Amino acid sequence: MADIRCLICNRMNDASSPRCWYCRSPLPGYKEPPAPDEPGEGEIPEPEPLAEISGRVEPTEESGESWEGEAPEWLARIRMLKEQDEQKTRETSGLDTEDSGLPEWIINLRAAEPPVMAEKTAEEALLEDSDAKATTPADTYADSRFEETGGRASGEFTGEPVEGETTSPAANKPFETAELRDGQPAHPIFEDDLPEWLSADAGMVETHSSQKDQTARPFISKEENKLADGVLPAWLKAIRPLDAVSPATPDALYSPGEEGEGILAGISGTLRSQRLEDREVKMPSRPHELVVTPMQQKNAELLYRLSNPDIEETSPVAITKKSRPQRKTLKIFAAVILFLAVLLPYGFRSLPVIIPVLFPKEVVDTLGVIEGIPAGKPVLIAAQFEGGLAGELTLSSEPVFQHLVSHGVPLALMSTNASGYAILEEQLRRASAGVSGYLFSERVVNLGYLPGGTIGLISLVGDIRAALPYSTALEPAWETTPIAGARTLADFAAILLLTDNPEIVRAWVEQTGRIEKPPILLGVVSAQAAPLAQPYYDSGQVQGLVAGSSGALAYQMIRQVPGKASTTFASYQFALFIAALLIFLGGVVSLVTTTGAAAHKKGRG
Amino acid sequence: MKVLNYLIAAITGLIVLLGYFFPGTGISLARSPLLDWAVTLSGVAGLVAILNLVFHVHWKRIQDKHPRRLYSGALIVTFLLTVVAGVFLDPGSAGFQKLVTRVQVPVESTLMAVLAITLVFASLKLLQRQRNWMGFLFFLSVIIFLVLNSGVLAFSTEIPILTNLLSAFHRVPMAGARGMLLGIALGSLATGIRVLIGSEKPYNG
């Protein structure tokens, strides 16, 4: 069977096909069989696009004779006038009759392929035939418009716009052919029609078009171009969606007749949905799995246990599972041991205590600074610590306070947290209680709480009188005896800082460091803050440091004055040692038991 | 509004910063009232926070019949009693200070004691959960520094090698502390610059 070349896409099709397999355009030379039932007079022929959707490839019109026989006289007259007009246009433009109904871009495409166009001899006749019978919706619309405009015949058509219509200048021009445009060989795409961004590269378009003209698709042979119906190329088959492999044929999806049931009952030409039982479900060949490394799993379990502390251990690492009563017993045991370690030294004074024989240099320096304070020059004691650490700081600061009180140094108290100044005053009262002749109210003034944190400190260093104008007794603080002569922070002999937070030490070091003659900065810190405060002492920014119970004990020993530090140090030392022993034993037991359990489990497995 | 916030923060920060570099100038004089305002504002902010905690959070719990509304009631009653005591006895009176410290210090100390026991108990099972070299190193560090700080190795002064060894151990936390302090300083500097250039806006809430 001979092949027919499509006029639109220039591909070869089987001669028996009414339309191009590729672009669905009508093929030349195909004689359609007469339709079983022709549309009646009152019926409107279905437009071609809808006919394609419904799957019925029906001729939209019969042959011209049959139409003329059934069309009314006025329509026949219009058609005749239209044919005459088109004939005239063909004669003037040299184009075939079929081009008049085609869009401009198709005409250009065809003009760009002269070899193909040249061999259309039989095709021309076919197109004439198809032109005669092709009444597209556009033609119908044109006909109706023709009637509305008063029946101007095609012969009377002057190219002038219809009244009320606006036409572009391009529309007024006679139909240009690709070959004749501007006397130059035209390209399939007019450069005038290109968008701005593409027209800037018009040279490329021209080159591409000219190459296309010369080569005329040399790489696609006719045999290669031909594909059997229903056979997809390999690349298209690989990427086709799941719905495409449905066993349902496309024709089965269409409803040529009326729907018998459902909400679409009585409506013809509807699209049917695919039945669910016929749908093919494509199973994923590689189901997604969450791949977790052992370390990630362990971290996730740790996080889960942190957020759910009541949950028992489920980790494979923790092989030995202790029940809740066992854990509780162990916790009580540890608490009792620690309590005993704290309390026993108080009951049994004969317990051995190892006293440090070397005194830390920072403690010695603190004592030396206080010894060197001139008489009558005040010392500012600043505090910021939590109430929970007040006990440790009371012990640590007691020997220093005793030393200050015994020297008769005027003191000003303040704190940068809300409760610090109250605790501080109480500590100082206790320390001064043992010193005879020390009048607390005359030698000590409480400046209270300075809010603002570091900003408050900046303000204090800038103008201490403005920052803390009143005492806690609501009296003008700077008129009281202890600090009457002080106007700035530099007028203080020293600043003694009590804190459990190294950040506070840093803030004070930074802010007092910008004074021209900064006062001496001393620190009494808790044991937990000592490592971070020590570098400030090593660098000379803090001139003295007493850290924890051991520092207080050293201070007492240097001064050779009895105090609480010496009595509590035994308890402190013993408790620390017992805690270290407990942790060591617990670690060893854990190591042995978990290793044994793991080996046992491995042996069973 | 955000632009206004940024402008206030940046200009104020620049004035305070430049006041350090140009003492005795107009900028330095303008800095002092700004700092005073900041101190006052932080005090008011603390008051607002307390009122919000008492009359918004805990009072709402009572109204909503929360299961723990009893504690909220205790908190509100205690707060009101403290305020009344502070008004009638002045904040500087020894009686009022004892009233506060006799409650606050034991409560917080108790919490610290519970924390100590919990930490010891958790340390007992340290090697059960972290059986790797980091866990083992942490375990050894805990024991060594507990023993060192307890002072039981004071006799080491008679053994030069042990003295040097313990001295080296004492230096380890110092080295770590210096590194941390450097990191804190650089972090503070970076944060200050970020606030000044508007990259960080802690004031936006």
# chains A, B, ... in the order shown; residues from 1 in each chain; ligands from 1
$ interface_residues --of "chain B" --to "chain A" --cutoff "8 Å" --atoms "only C-alpha atoms" --output "ChimeraX atom specification"
/B:32,35-36,38-40,42-43,90-94,97-98,101,104-112,117-118,120-121,123-129,139,142-143,146-147,149-155,173-174,177-178,181
$ select_by_dssp --residues "stretch 44-147 of chain B" --states "alpha helix (DSSP H)" --output "ChimeraX atom specification"
/B:44-51,59-63,69-88,94-124,126-129,133-147
$ atom_distance --atom1 "atom CA of A:Asn13" --atom2 "atom CA of A:Gly29"
11.5 Å
$ atom_distance --atom1 "atom CA of B:His58" --atom2 "atom CA of B:Leu81"
16.0 Å
$ residues_around --residues "stretch 476-483 of chain A" --least-positions-apart "3" --cutoff "9 Å" --atoms "only C-alpha atoms" --output "list in words"
Gly376, Lys377, Pro378, Val379, Val409, Pro410, Leu411, Ala412, Glu442, Arg443, Val444, Val445, Asn446, Leu447, Arg465, Leu468, Pro469, Tyr470, Ser471, Thr472, Ala473, Ala486, Arg487 and Phe492 of chain A
$ write_last_selection --atoms "N, CA and C atoms" --output "PDB file, in the first residue's frame"
ATOM      1  N   GLY A 376      40.563  54.438 107.113  1.00  0.00           N
ATOM      2  CA  GLY A 376      39.506  55.373 106.747  1.00  0.00           C
ATOM      3  C   GLY A 376      39.079  55.291 105.298  1.00  0.00           C
ATOM      4  N   LYS A 377      39.817  54.604 104.471  1.00  0.00           N
ATOM      5  CA  LYS A 377      39.432  54.500 103.067  1.00  0.00           C
ATOM      6  C   LYS A 377      38.449  53.349 102.910  1.00  0.00           C
ATOM      7  N   PRO A 378      37.296  53.609 102.292  1.00  0.00           N
ATOM      8  CA  PRO A 378      36.262  52.563 102.253  1.00  0.00           C
ATOM      9  C   PRO A 378      36.575  51.471 101.251  1.00  0.00           C
ATOM     10  N   VAL A 379      35.913  50.357 101.472  1.00  0.00           N
ATOM     11  CA  VAL A 379      35.969  49.208 100.534  1.00  0.00           C
ATOM     12  C   VAL A 379      34.549  48.910 100.099  1.00  0.00           C
ATOM     13  N   VAL A 409      37.831  48.805 108.602  1.00  0.00           N
ATOM     14  CA  VAL A 409      37.678  49.406 107.265  1.00  0.00           C
ATOM     15  C   VAL A 409      36.220  49.790 107.049  1.00  0.00           C
ATOM     16  N   PRO A 410      35.909  51.030 106.632  1.00  0.00           N
ATOM     17  CA  PRO A 410      34.535  51.397 106.282  1.00  0.00           C
ATOM     18  C   PRO A 410      34.087  50.584 105.073  1.00  0.00           C
ATOM     19  N   LEU A 411      32.848  50.100 105.135  1.00  0.00           N
ATOM     20  CA  LEU A 411      32.375  49.199 104.083  1.00  0.00           C
ATOM     21  C   LEU A 411      31.078  49.719 103.466  1.00  0.00           C
ATOM     22  N   ALA A 412      30.978  49.558 102.162  1.00  0.00           N
ATOM     23  CA  ALA A 412      29.730  49.832 101.441  1.00  0.00           C
ATOM     24  C   ALA A 412      29.328  48.545 100.738  1.00  0.00           C
ATOM     25  N   GLU A 442      27.713  52.418 111.955  1.00  0.00           N
ATOM     26  CA  GLU A 442      28.583  53.554 111.635  1.00  0.00           C
ATOM     27  C   GLU A 442      29.656  53.202 110.616  1.00  0.00           C
ATOM     28  N   ARG A 443      29.942  51.928 110.503  1.00  0.00           N
ATOM     29  CA  ARG A 443      31.037  51.523 109.609  1.00  0.00           C
ATOM     30  C   ARG A 443      30.551  50.880 108.322  1.00  0.00           C
ATOM     31  N   VAL A 444      29.267  50.553 108.263  1.00  0.00           N
ATOM     32  CA  VAL A 444      28.750  49.842 107.081  1.00  0.00           C
ATOM     33  C   VAL A 444      27.522  50.564 106.561  1.00  0.00           C
ATOM     34  N   VAL A 445      27.463  50.733 105.249  1.00  0.00           N
ATOM     35  CA  VAL A 445      26.270  51.277 104.594  1.00  0.00           C
ATOM     36  C   VAL A 445      25.877  50.315 103.469  1.00  0.00           C
ATOM     37  N   ASN A 446      24.576  50.039 103.442  1.00  0.00           N
ATOM     38  CA  ASN A 446      24.069  49.110 102.419  1.00  0.00           C
ATOM     39  C   ASN A 446      23.435  49.920 101.288  1.00  0.00           C
ATOM     40  N   LEU A 447      24.025  49.840 100.132  1.00  0.00           N
ATOM     41  CA  LEU A 447      23.534  50.608  98.981  1.00  0.00           C
ATOM     42  C   LEU A 447      22.445  49.880  98.210  1.00  0.00           C
ATOM     43  N   ARG A 465      27.536  57.793  92.463  1.00  0.00           N
ATOM     44  CA  ARG A 465      26.567  58.509  93.315  1.00  0.00           C
ATOM     45  C   ARG A 465      25.194  58.565  92.653  1.00  0.00           C
ATOM     46  N   LEU A 468      23.638  54.762  92.605  1.00  0.00           N
ATOM     47  CA  LEU A 468      23.129  54.256  93.882  1.00  0.00           C
ATOM     48  C   LEU A 468      23.006  55.435  94.849  1.00  0.00           C
ATOM     49  N   PRO A 469      21.965  56.235  94.720  1.00  0.00           N
ATOM     50  CA  PRO A 469      21.909  57.461  95.528  1.00  0.00           C
ATOM     51  C   PRO A 469      21.483  57.219  96.976  1.00  0.00           C
ATOM     52  N   TYR A 470      20.701  56.150  97.201  1.00  0.00           N
ATOM     53  CA  TYR A 470      20.133  55.936  98.554  1.00  0.00           C
ATOM     54  C   TYR A 470      20.591  54.592  99.113  1.00  0.00           C
ATOM     55  N   SER A 471      20.612  54.549 100.445  1.00  0.00           N
ATOM     56  CA  SER A 471      20.899  53.277 101.126  1.00  0.00           C
ATOM     57  C   SER A 471      19.592  52.501 101.269  1.00  0.00           C
ATOM     58  N   THR A 472      19.690  51.263 101.761  1.00  0.00           N
ATOM     59  CA  THR A 472      18.471  50.473 101.961  1.00  0.00           C
ATOM     60  C   THR A 472      17.614  51.049 103.092  1.00  0.00           C
ATOM     61  N   ALA A 473      18.197  51.883 103.916  1.00  0.00           N
ATOM     62  CA  ALA A 473      17.417  52.580 104.950  1.00  0.00           C
ATOM     63  C   ALA A 473      16.751  53.818 104.387  1.00  0.00           C
ATOM     64  N   ALA A 486      33.761  59.666  99.545  1.00  0.00           N
ATOM     65  CA  ALA A 486      33.936  59.045  98.223  1.00  0.00           C
ATOM     66  C   ALA A 486      33.043  59.724  97.183  1.00  0.00           C
ATOM     67  N   ARG A 487      33.628  60.060  96.054  1.00  0.00           N
ATOM     68  CA  ARG A 487      32.843  60.681  94.978  1.00  0.00           C
ATOM     69  C   ARG A 487      32.782  59.783  93.745  1.00  0.00           C
ATOM     70  N   PHE A 492      37.487  54.480  96.314  1.00  0.00           N
ATOM     71  CA  PHE A 492      37.462  53.287  97.177  1.00  0.00           C
ATOM     72  C   PHE A 492      38.842  52.632  97.153  1.00  0.00           C
TER      73      PHE A 492
END
$ residues_around --residues "A:Gln402" --least-positions-apart "3" --cutoff "8 Å" --atoms "only C-alpha atoms" --output "VMD selection string"
chain A and resid 398 to 399 405 to 406 431 to 432 435
